[in-house]
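With CSV, C-alpha atoms inside, this is entry.csv:
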```csv
chain,number,residue,atom,x,y,z
A,1,MET,CA,-247.3,-7.6,66.7
A,2,SER,CA,-244.7,-10.3,66.9
A,3,THR,CA,-244.7,-12.9,64.2
A,4,THR,CA,-242.9,-16.1,63.6
A,5,GLY,CA,-242.9,-18.0,60.3
A,6,ARG,CA,-241.0,-21.0,59.0
A,7,ALA,CA,-240.0,-20.8,55.4
A,8,THR,CA,-238.6,-24.3,55.8
A,9,ALA,CA,-238.5,-26.7,58.7
A,10,HIS,CA,-235.4,-24.9,60.0
A,11,HIS,CA,-235.5,-21.4,58.6
A,12,ILE,CA,-237.4,-18.9,60.9
A,13,THR,CA,-238.0,-15.2,60.8
A,14,LEU,CA,-238.7,-13.5,64.1
A,15,THR,CA,-240.1,-10.0,64.4
A,16,THR,CA,-239.7,-7.8,67.5
A,17,PRO,CA,-241.4,-7.7,70.0
A,18,ILE,CA,-240.9,-11.4,70.4
A,19,GLN,CA,-243.2,-13.4,72.7
A,20,ARG,CA,-242.2,-16.6,74.5
A,21,GLU,CA,-244.6,-18.7,72.4
A,22,ASP,CA,-242.8,-17.4,69.3
A,23,ILE,CA,-239.7,-19.3,70.2
A,24,GLU,CA,-240.9,-22.3,72.1
A,25,ASP,CA,-240.7,-24.6,69.0
A,26,ILE,CA,-237.3,-23.3,67.9
A,27,ARG,CA,-234.5,-25.7,68.5
A,28,ILE,CA,-230.7,-25.6,68.5
A,29,GLY,CA,-229.3,-25.7,65.0
A,30,ASP,CA,-232.2,-23.8,63.5
A,31,VAL,CA,-231.5,-20.7,61.5
A,32,VAL,CA,-233.1,-17.5,62.5
A,33,PHE,CA,-233.5,-14.1,60.7
A,34,LEU,CA,-234.6,-11.0,62.6
A,35,ASP,CA,-236.9,-8.2,61.5
A,36,GLY,CA,-237.5,-5.2,63.8
A,37,HIS,CA,-235.0,-3.8,66.3
A,38,ILE,CA,-231.8,-5.0,68.0
A,39,THR,CA,-229.6,-3.1,70.5
A,40,THR,CA,-225.9,-3.6,70.8
A,41,CYS,CA,-225.1,-4.5,74.4
A,42,ARG,CA,-221.8,-5.9,75.6
A,43,ASP,CA,-219.3,-5.9,78.5
A,44,VAL,CA,-219.7,-2.6,80.2
A,45,ALA,CA,-223.5,-2.4,79.7
A,46,HIS,CA,-223.8,-5.7,81.4
A,47,ARG,CA,-221.6,-4.6,84.3
A,48,ARG,CA,-223.5,-1.3,84.7
A,49,LEU,CA,-226.8,-3.3,85.1
A,50,ILE,CA,-225.6,-6.2,87.1
A,51,GLU,CA,-222.7,-4.9,89.2
A,52,TYR,CA,-223.7,-1.3,89.6
A,53,GLY,CA,-227.4,-1.6,89.6
A,54,ARG,CA,-228.0,1.0,86.8
A,55,GLU,CA,-231.1,0.5,84.7
A,56,LEU,CA,-230.6,0.2,81.0
A,57,PRO,CA,-231.7,3.4,79.1
A,58,VAL,CA,-233.3,1.2,76.5
A,59,ASP,CA,-236.3,-1.1,77.0
A,60,ILE,CA,-235.3,-4.5,75.6
A,61,ARG,CA,-238.1,-6.5,77.1
A,62,ASP,CA,-239.3,-9.0,74.4
A,63,GLY,CA,-236.5,-7.6,72.3
A,64,ALA,CA,-233.1,-8.5,71.0
A,65,ILE,CA,-229.5,-7.6,71.9
A,66,LEU,CA,-226.3,-8.0,70.0
A,67,HIS,CA,-222.9,-8.7,71.6
A,68,ALA,CA,-221.0,-6.4,69.3
A,69,GLY,CA,-218.9,-3.2,69.1
A,70,PRO,CA,-219.9,-1.8,65.7
A,71,ILE,CA,-218.1,0.8,63.6
A,72,ILE,CA,-220.4,3.8,63.2
A,73,ARG,CA,-220.0,6.7,60.8
A,74,VAL,CA,-221.4,10.0,62.1
A,75,VAL,CA,-223.5,11.5,59.3
A,76,ASP,CA,-224.9,14.5,61.2
A,77,GLU,CA,-224.0,15.0,64.8
A,78,ASP,CA,-226.6,17.7,65.3
A,79,ARG,CA,-229.4,15.4,64.1
A,80,ASP,CA,-227.9,12.3,65.7
A,81,ALA,CA,-227.7,10.8,62.2
A,82,PHE,CA,-225.5,7.7,62.0
A,83,GLU,CA,-224.6,5.1,59.5
A,84,VAL,CA,-223.3,1.5,60.3
A,85,VAL,CA,-220.1,0.6,58.5
A,86,ALA,CA,-219.6,-2.8,60.1
A,87,VAL,CA,-221.2,-4.7,63.0
A,88,GLY,CA,-219.3,-7.9,63.8
A,89,PRO,CA,-220.3,-9.9,66.9
A,90,THR,CA,-217.9,-10.1,69.8
A,91,THR,CA,-217.3,-13.2,72.0
A,92,SER,CA,-220.4,-14.0,73.9
A,93,MET,CA,-218.6,-16.0,76.6
A,94,ARG,CA,-217.3,-12.7,78.1
A,95,MET,CA,-220.9,-12.0,79.2
A,96,GLU,CA,-221.6,-15.5,80.6
A,97,MET,CA,-221.0,-14.6,84.2
A,98,SER,CA,-223.9,-12.1,84.2
A,99,GLU,CA,-226.2,-13.2,81.3
A,100,GLU,CA,-228.5,-15.3,83.4
A,101,GLU,CA,-229.3,-12.4,85.7
A,102,PHE,CA,-229.4,-10.0,82.7
A,103,ILE,CA,-232.1,-12.1,81.0
A,104,ALA,CA,-234.1,-12.3,84.2
A,105,ARG,CA,-233.9,-8.5,84.8
A,106,THR,CA,-234.4,-7.2,81.3
A,107,GLY,CA,-236.8,-9.8,79.7
A,108,VAL,CA,-234.7,-9.9,76.5
A,109,ARG,CA,-235.8,-12.7,74.2
A,110,LEU,CA,-233.0,-12.9,71.6
A,111,ILE,CA,-229.2,-12.7,72.3
A,112,VAL,CA,-226.9,-12.7,69.4
A,113,GLY,CA,-223.1,-13.0,69.5
A,114,LYS,CA,-220.1,-15.0,68.6
A,115,GLY,CA,-219.3,-18.5,69.9
A,116,GLY,CA,-221.1,-20.5,72.6
A,117,MET,CA,-222.2,-19.6,76.1
A,118,GLY,CA,-222.4,-21.7,79.3
A,119,PRO,CA,-224.7,-23.1,82.0
A,120,GLY,CA,-225.8,-19.7,83.3
A,121,THR,CA,-227.1,-18.6,79.9
A,122,GLU,CA,-228.7,-22.1,79.5
A,123,ALA,CA,-230.5,-21.6,82.8
A,124,GLY,CA,-231.6,-18.1,81.9
A,125,CYS,CA,-233.0,-19.1,78.5
A,126,ALA,CA,-234.9,-22.1,79.9
A,127,ALA,CA,-236.3,-20.2,82.9
A,128,HIS,CA,-237.4,-17.0,81.1
A,129,GLY,CA,-237.8,-18.0,77.5
A,130,ALA,CA,-234.9,-16.7,75.4
A,131,LEU,CA,-232.5,-17.8,72.7
A,132,HIS,CA,-228.8,-17.3,72.2
A,133,CYS,CA,-227.8,-17.3,68.6
A,134,VAL,CA,-224.5,-17.1,66.7
A,135,PHE,CA,-223.8,-14.7,63.9
A,136,PRO,CA,-221.2,-16.3,61.6
A,137,ALA,CA,-217.8,-14.6,62.3
A,138,GLY,CA,-216.1,-12.6,59.5
A,139,ASN,CA,-219.3,-11.1,58.2
A,140,ALA,CA,-219.3,-7.7,59.9
A,141,VAL,CA,-219.9,-5.7,56.6
A,142,ILE,CA,-222.6,-8.1,55.4
A,143,ALA,CA,-224.3,-7.7,58.8
A,144,ALA,CA,-224.3,-3.9,58.4
A,145,THR,CA,-226.3,-4.2,55.1
A,146,ALA,CA,-229.2,-5.6,57.1
A,147,VAL,CA,-229.4,-2.4,59.2
A,148,GLU,CA,-232.0,-0.1,57.8
A,149,ALA,CA,-231.4,2.7,60.3
A,150,VAL,CA,-229.7,3.6,63.5
A,151,GLU,CA,-232.6,4.8,65.6
A,152,ASP,CA,-231.0,5.5,69.0
A,153,ALA,CA,-227.6,5.8,70.8
A,154,GLN,CA,-227.4,5.6,74.5
A,155,TRP,CA,-224.5,5.7,77.0
A,156,ARG,CA,-222.3,7.3,74.3
A,157,ASP,CA,-219.9,8.2,77.2
A,158,LEU,CA,-218.6,4.6,76.9
A,159,GLY,CA,-217.2,5.2,73.4
A,160,MET,CA,-218.3,3.7,70.1
A,161,PRO,CA,-217.8,0.0,70.9
A,162,GLU,CA,-219.8,0.0,74.2
A,163,THR,CA,-222.5,2.5,73.3
A,164,LEU,CA,-226.0,1.0,73.2
A,165,TRP,CA,-226.9,1.4,69.5
A,166,THR,CA,-230.4,0.5,68.5
A,167,PHE,CA,-230.8,-0.6,64.9
A,168,ARG,CA,-233.9,-1.2,62.8
A,169,VAL,CA,-233.1,-4.3,60.9
A,170,LYS,CA,-234.5,-6.4,58.1
A,171,GLN,CA,-233.6,-10.1,57.7
A,172,PHE,CA,-230.7,-9.7,60.1
A,173,GLY,CA,-228.8,-13.0,59.9
A,174,PRO,CA,-228.3,-15.8,59.4
A,175,LEU,CA,-228.4,-16.5,63.2
A,176,ILE,CA,-227.7,-20.1,64.2
A,177,VAL,CA,-229.5,-21.0,67.4
A,178,SER,CA,-226.9,-22.2,69.9
A,179,ILE,CA,-229.1,-22.3,73.1
A,180,ASP,CA,-232.8,-22.7,72.8
A,181,ALA,CA,-235.7,-22.0,75.2
A,182,ARG,CA,-235.3,-25.5,76.7
A,183,GLY,CA,-231.7,-24.7,77.7
A,184,ASP,CA,-230.3,-27.1,75.1
A,185,ASN,CA,-226.8,-26.1,74.1
A,186,LEU,CA,-225.6,-26.8,70.6
A,187,PHE,CA,-221.9,-26.2,71.4
A,188,GLU,CA,-222.0,-28.5,74.4
A,189,ARG,CA,-223.8,-31.2,72.5
A,190,GLN,CA,-221.2,-31.0,69.7
A,191,LYS,CA,-218.4,-31.3,72.2
A,192,VAL,CA,-219.8,-34.7,73.2
A,193,VAL,CA,-219.8,-35.8,69.6
A,194,TYR,CA,-216.3,-34.4,69.1
A,195,ASN,CA,-215.0,-36.2,72.1
A,196,GLU,CA,-216.6,-39.5,71.0
A,197,ARG,CA,-215.0,-39.2,67.6
A,198,LYS,CA,-211.7,-38.2,69.1
A,199,ALA,CA,-211.6,-41.3,71.3
A,200,VAL,CA,-212.2,-43.5,68.3
A,201,ALA,CA,-209.5,-41.7,66.3
A,202,LEU,CA,-207.0,-41.9,69.1
A,203,ALA,CA,-207.7,-45.6,69.5
A,204,ALA,CA,-207.0,-46.2,65.8
A,205,LEU,CA,-203.9,-44.1,66.0
A,206,ASP,CA,-202.6,-46.0,69.0
A,207,GLU,CA,-202.7,-49.2,67.1
A,208,LYS,CA,-200.6,-47.7,64.3
A,209,VAL,CA,-197.9,-46.3,66.6
A,210,ARG,CA,-197.8,-49.0,69.3
A,211,TYR,CA,-194.4,-50.0,68.1
A,212,ILE,CA,-192.9,-46.7,69.3
A,213,ARG,CA,-193.3,-47.7,73.0
```

Would you encode the structure as structure tokens?
Amino acid sequence: MSTTGRATAHHITLTTPIQREDIEDIRIGDVVFLDGHITTCRDVAHRRLIEYGRELPVDIRDGAILHAGPIIRVVDEDRDAFEVVAVGPTTSMRMEMSEEEFIARTGVRLIVGKGGMGPGTEAGCAAHGALHCVFPAGNAVIAATAVEAVEDAQWRDLGMPETLWTFRVKQFGPLIVSIDARGDNLFERQKVVYNERKAVALAALDEKVRYIR
């Protein structure tokens, strides 16, 4: 069963499968940790689903995906035994052009990656009840320590980075909510704040260098 619990007002643990009601009160800027399962799914997997009409070989409805190309050590090829060496997120914006349709078709609830996403993902999250979260960059090895096991590997013909690796994870995070189920976008909101501060700073600077004109 899916569970959601707030350790503080802004610290949440989600457990797969995740239901829409589990994330409705989560807001941009909240910090999420994940228990359960997450599947790596990046450029080529999105293209196979959206452009070529191929169904994903992994059921991620009410689940979580990670925009990442992990480094995996093969422990025993015959037994499909693997170990995660590092799993750093890749730039989510590369998936922006297809993410809205991807959310609609797969029913995924939690998308994790690096950097912000745009209006398509905002619309998909709002319409279907999903979150986009950011895993802090530069922590690929730390992220790997939250992986308890590699439970599946699909589309291995794509090579290690693009394979759909399904991990069992415990307290995978911290994940910063960048787009919530209302479609609010933390990165876009911060751009507005930045531009307001920039305008004030430039006005002050203009007074100091006016003599140059």

Point out the residue among A:Asp43, A:Glu83, A:Glu21, A:Asp184 with the least atom-to-atom distance to Glu122 of chain A, counting all atoms listed in the file.
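Closest residue, counting all atoms listed in the file: A:Asp184.
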
In Å and to one decimal, atom CA of Gly107 of chain A is distant from atom CA of Gly63 of chain A by 7.7 Å

Hey, what's within 9 Å of Ile179 of chain A if we count only C-alpha atoms and toss same-chain stuff fewer than 2 positions away? As a list in words, please?
Arg27, Ile28, Gly29, Gly116, Met117, Thr121, Glu122, Cys125, Ala126, Ala130, Leu131, His132, Cys133, Val177, Ala181, Arg182, Gly183, Asp184, Asn185, Leu186 and Phe187 of chain A

If you keep C-alpha atoms, can you produce a file of those selected residues as a PDB file, in the frame of the given file?
```pdb
ATOM      1  CA  ARG A  27    -234.500 -25.700  68.500  1.00  0.00           C
ATOM      2  CA  ILE A  28    -230.700 -25.600  68.500  1.00  0.00           C
ATOM      3  CA  GLY A  29    -229.300 -25.700  65.000  1.00  0.00           C
ATOM      4  CA  GLY A 116    -221.100 -20.500  72.600  1.00  0.00           C
ATOM      5  CA  MET A 117    -222.200 -19.600  76.100  1.00  0.00           C
ATOM      6  CA  THR A 121    -227.100 -18.600  79.900  1.00  0.00           C
ATOM      7  CA  GLU A 122    -228.700 -22.100  79.500  1.00  0.00           C
ATOM      8  CA  CYS A 125    -233.000 -19.100  78.500  1.00  0.00           C
ATOM      9  CA  ALA A 126    -234.900 -22.100  79.900  1.00  0.00           C
ATOM     10  CA  ALA A 130    -234.900 -16.700  75.400  1.00  0.00           C
ATOM     11  CA  LEU A 131    -232.500 -17.800  72.700  1.00  0.00           C
ATOM     12  CA  HIS A 132    -228.800 -17.300  72.200  1.00  0.00           C
ATOM     13  CA  CYS A 133    -227.800 -17.300  68.600  1.00  0.00           C
ATOM     14  CA  VAL A 177    -229.500 -21.000  67.400  1.00  0.00           C
ATOM     15  CA  ALA A 181    -235.700 -22.000  75.200  1.00  0.00           C
ATOM     16  CA  ARG A 182    -235.300 -25.500  76.700  1.00  0.00           C
ATOM     17  CA  GLY A 183    -231.700 -24.700  77.700  1.00  0.00           C
ATOM     18  CA  ASP A 184    -230.300 -27.100  75.100  1.00  0.00           C
ATOM     19  CA  ASN A 185    -226.800 -26.100  74.100  1.00  0.00           C
ATOM     20  CA  LEU A 186    -225.600 -26.800  70.600  1.00  0.00           C
ATOM     21  CA  PHE A 187    -221.900 -26.200  71.400  1.00  0.00           C
TER      22      PHE A 187
END
```

Check the smallest atom-to-atom distance from each of A:Glu100, A:Asp22, A:Asp62, A:Asp35 to Lys170 of chain A using only C-alpha atoms, then report the winner.
A:Asp35

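The spacing separating atom CA of Met95 of chain A from atom CA of Thr13 of chain A amounts to 25.3 Å.
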
At a cut-off of 9 Å, using all atoms listed in the file, what residues contact Met97 of chain A? Leave out same-chain residues fewer than 4 positions from it and give the result as a VMD selection string.
chain A and resid 93 101 118 120 to 121

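Minimum atom-to-atom distances from A:Glu188, A:Asp80, A:Asp30, A:Asp180 to Trp165 of chain A were compared using all atoms listed in the file, and the lowest value belongs to A:Asp80.
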
Report, in Å to a single decimal, how far apart atom CA of Ile103 of chain A and atom CA of Thr90 of chain A are.
18.2 Å

For segment 129-143 of chain A, write all heavy atoms out as a tab-separated table (two decimals), in the first residue's frame.
```tsv
chain	number	residue	atom	x	y	z
A	129	GLY	N	-1.78	14.21	-12.17
A	129	GLY	CA	-1.35	14.01	-10.80
A	129	GLY	C	0.03	13.40	-10.71
A	129	GLY	O	0.17	12.21	-10.43
A	130	ALA	N	1.06	14.21	-10.95
A	130	ALA	CA	2.43	13.72	-10.89
A	130	ALA	C	3.33	14.82	-10.36
A	130	ALA	O	2.93	16.00	-10.28
A	130	ALA	CB	2.91	13.28	-12.28
A	131	LEU	N	4.54	14.45	-9.99
A	131	LEU	CA	5.54	15.40	-9.51
A	131	LEU	C	6.81	15.26	-10.34
A	131	LEU	O	7.15	14.16	-10.77
A	131	LEU	CB	5.93	15.12	-8.05
A	131	LEU	CG	4.86	15.09	-6.97
A	131	LEU	CD1	5.50	14.71	-5.64
A	131	LEU	CD2	4.17	16.44	-6.85
A	132	HIS	N	7.49	16.38	-10.55
A	132	HIS	CA	8.87	16.33	-11.02
A	132	HIS	C	9.75	16.81	-9.89
A	132	HIS	O	9.47	17.83	-9.26
A	132	HIS	CB	9.11	17.21	-12.25
A	132	HIS	CG	10.55	17.21	-12.68
A	132	HIS	ND1	11.43	18.19	-12.29
A	132	HIS	CD2	11.26	16.33	-13.43
A	132	HIS	CE1	12.63	17.93	-12.80
A	132	HIS	NE2	12.55	16.81	-13.49
A	133	CYS	N	10.79	16.04	-9.60
A	133	CYS	CA	11.71	16.37	-8.51
A	133	CYS	C	13.14	16.40	-9.02
A	133	CYS	O	13.48	15.73	-9.99
A	133	CYS	CB	11.61	15.34	-7.39
A	133	CYS	SG	10.00	15.28	-6.57
A	134	VAL	N	13.96	17.17	-8.33
A	134	VAL	CA	15.36	17.31	-8.68
A	134	VAL	C	16.22	16.61	-7.64
A	134	VAL	O	16.06	16.85	-6.43
A	134	VAL	CB	15.76	18.80	-8.76
A	134	VAL	CG1	17.25	18.95	-9.00
A	134	VAL	CG2	14.96	19.50	-9.85
A	135	PHE	N	17.09	15.72	-8.11
A	135	PHE	CA	18.10	15.13	-7.23
A	135	PHE	C	19.33	16.02	-7.34
A	135	PHE	O	19.81	16.26	-8.44
A	135	PHE	CB	18.45	13.70	-7.65
A	135	PHE	CG	19.15	12.91	-6.58
A	135	PHE	CD1	18.52	11.87	-5.95
A	135	PHE	CD2	20.45	13.23	-6.19
A	135	PHE	CE1	19.15	11.14	-4.95
A	135	PHE	CE2	21.10	12.52	-5.20
A	135	PHE	CZ	20.45	11.47	-4.57
A	136	PRO	N	19.86	16.53	-6.21
A	136	PRO	CA	21.01	17.43	-6.28
A	136	PRO	C	22.16	16.83	-7.09
A	136	PRO	O	22.55	15.68	-6.88
A	136	PRO	CB	21.40	17.63	-4.81
A	136	PRO	CG	20.12	17.39	-4.06
A	136	PRO	CD	19.41	16.31	-4.83
A	137	ALA	N	22.68	17.62	-8.02
A	137	ALA	CA	23.76	17.14	-8.88
A	137	ALA	C	25.03	16.90	-8.09
A	137	ALA	O	25.25	17.47	-7.02
A	137	ALA	CB	24.01	18.16	-9.99
A	138	GLY	N	25.89	16.01	-8.63
A	138	GLY	CA	27.17	15.73	-8.00
A	138	GLY	C	27.13	14.70	-6.91
A	138	GLY	O	28.11	14.54	-6.16
A	139	ASN	N	25.99	13.99	-6.78
A	139	ASN	CA	25.84	13.02	-5.69
A	139	ASN	C	25.52	11.62	-6.21
A	139	ASN	O	24.78	10.87	-5.58
A	139	ASN	CB	24.74	13.49	-4.73
A	139	ASN	CG	25.11	14.74	-3.98
A	139	ASN	OD1	25.95	14.71	-3.09
A	139	ASN	ND2	24.49	15.85	-4.34
A	140	ALA	N	26.10	11.26	-7.36
A	140	ALA	CA	25.78	9.98	-7.99
A	140	ALA	C	26.14	8.79	-7.12
A	140	ALA	O	25.42	7.79	-7.07
A	140	ALA	CB	26.48	9.88	-9.34
A	141	VAL	N	27.26	8.87	-6.43
A	141	VAL	CA	27.68	7.75	-5.58
A	141	VAL	C	26.80	7.67	-4.33
A	141	VAL	O	26.43	6.58	-3.89
A	141	VAL	CB	29.17	7.89	-5.20
A	141	VAL	CG1	29.58	6.80	-4.21
A	141	VAL	CG2	30.04	7.82	-6.45
A	142	ILE	N	26.47	8.83	-3.78
A	142	ILE	CA	25.57	8.84	-2.62
A	142	ILE	C	24.21	8.27	-3.00
A	142	ILE	O	23.62	7.50	-2.25
A	142	ILE	CB	25.42	10.27	-2.07
A	142	ILE	CG1	26.76	10.75	-1.49
A	142	ILE	CG2	24.32	10.35	-1.02
A	142	ILE	CD1	26.75	12.19	-1.03
A	143	ALA	N	23.72	8.63	-4.18
A	143	ALA	CA	22.43	8.10	-4.63
A	143	ALA	C	22.46	6.58	-4.72
A	143	ALA	O	21.49	5.90	-4.38
A	143	ALA	CB	22.06	8.70	-5.98
```
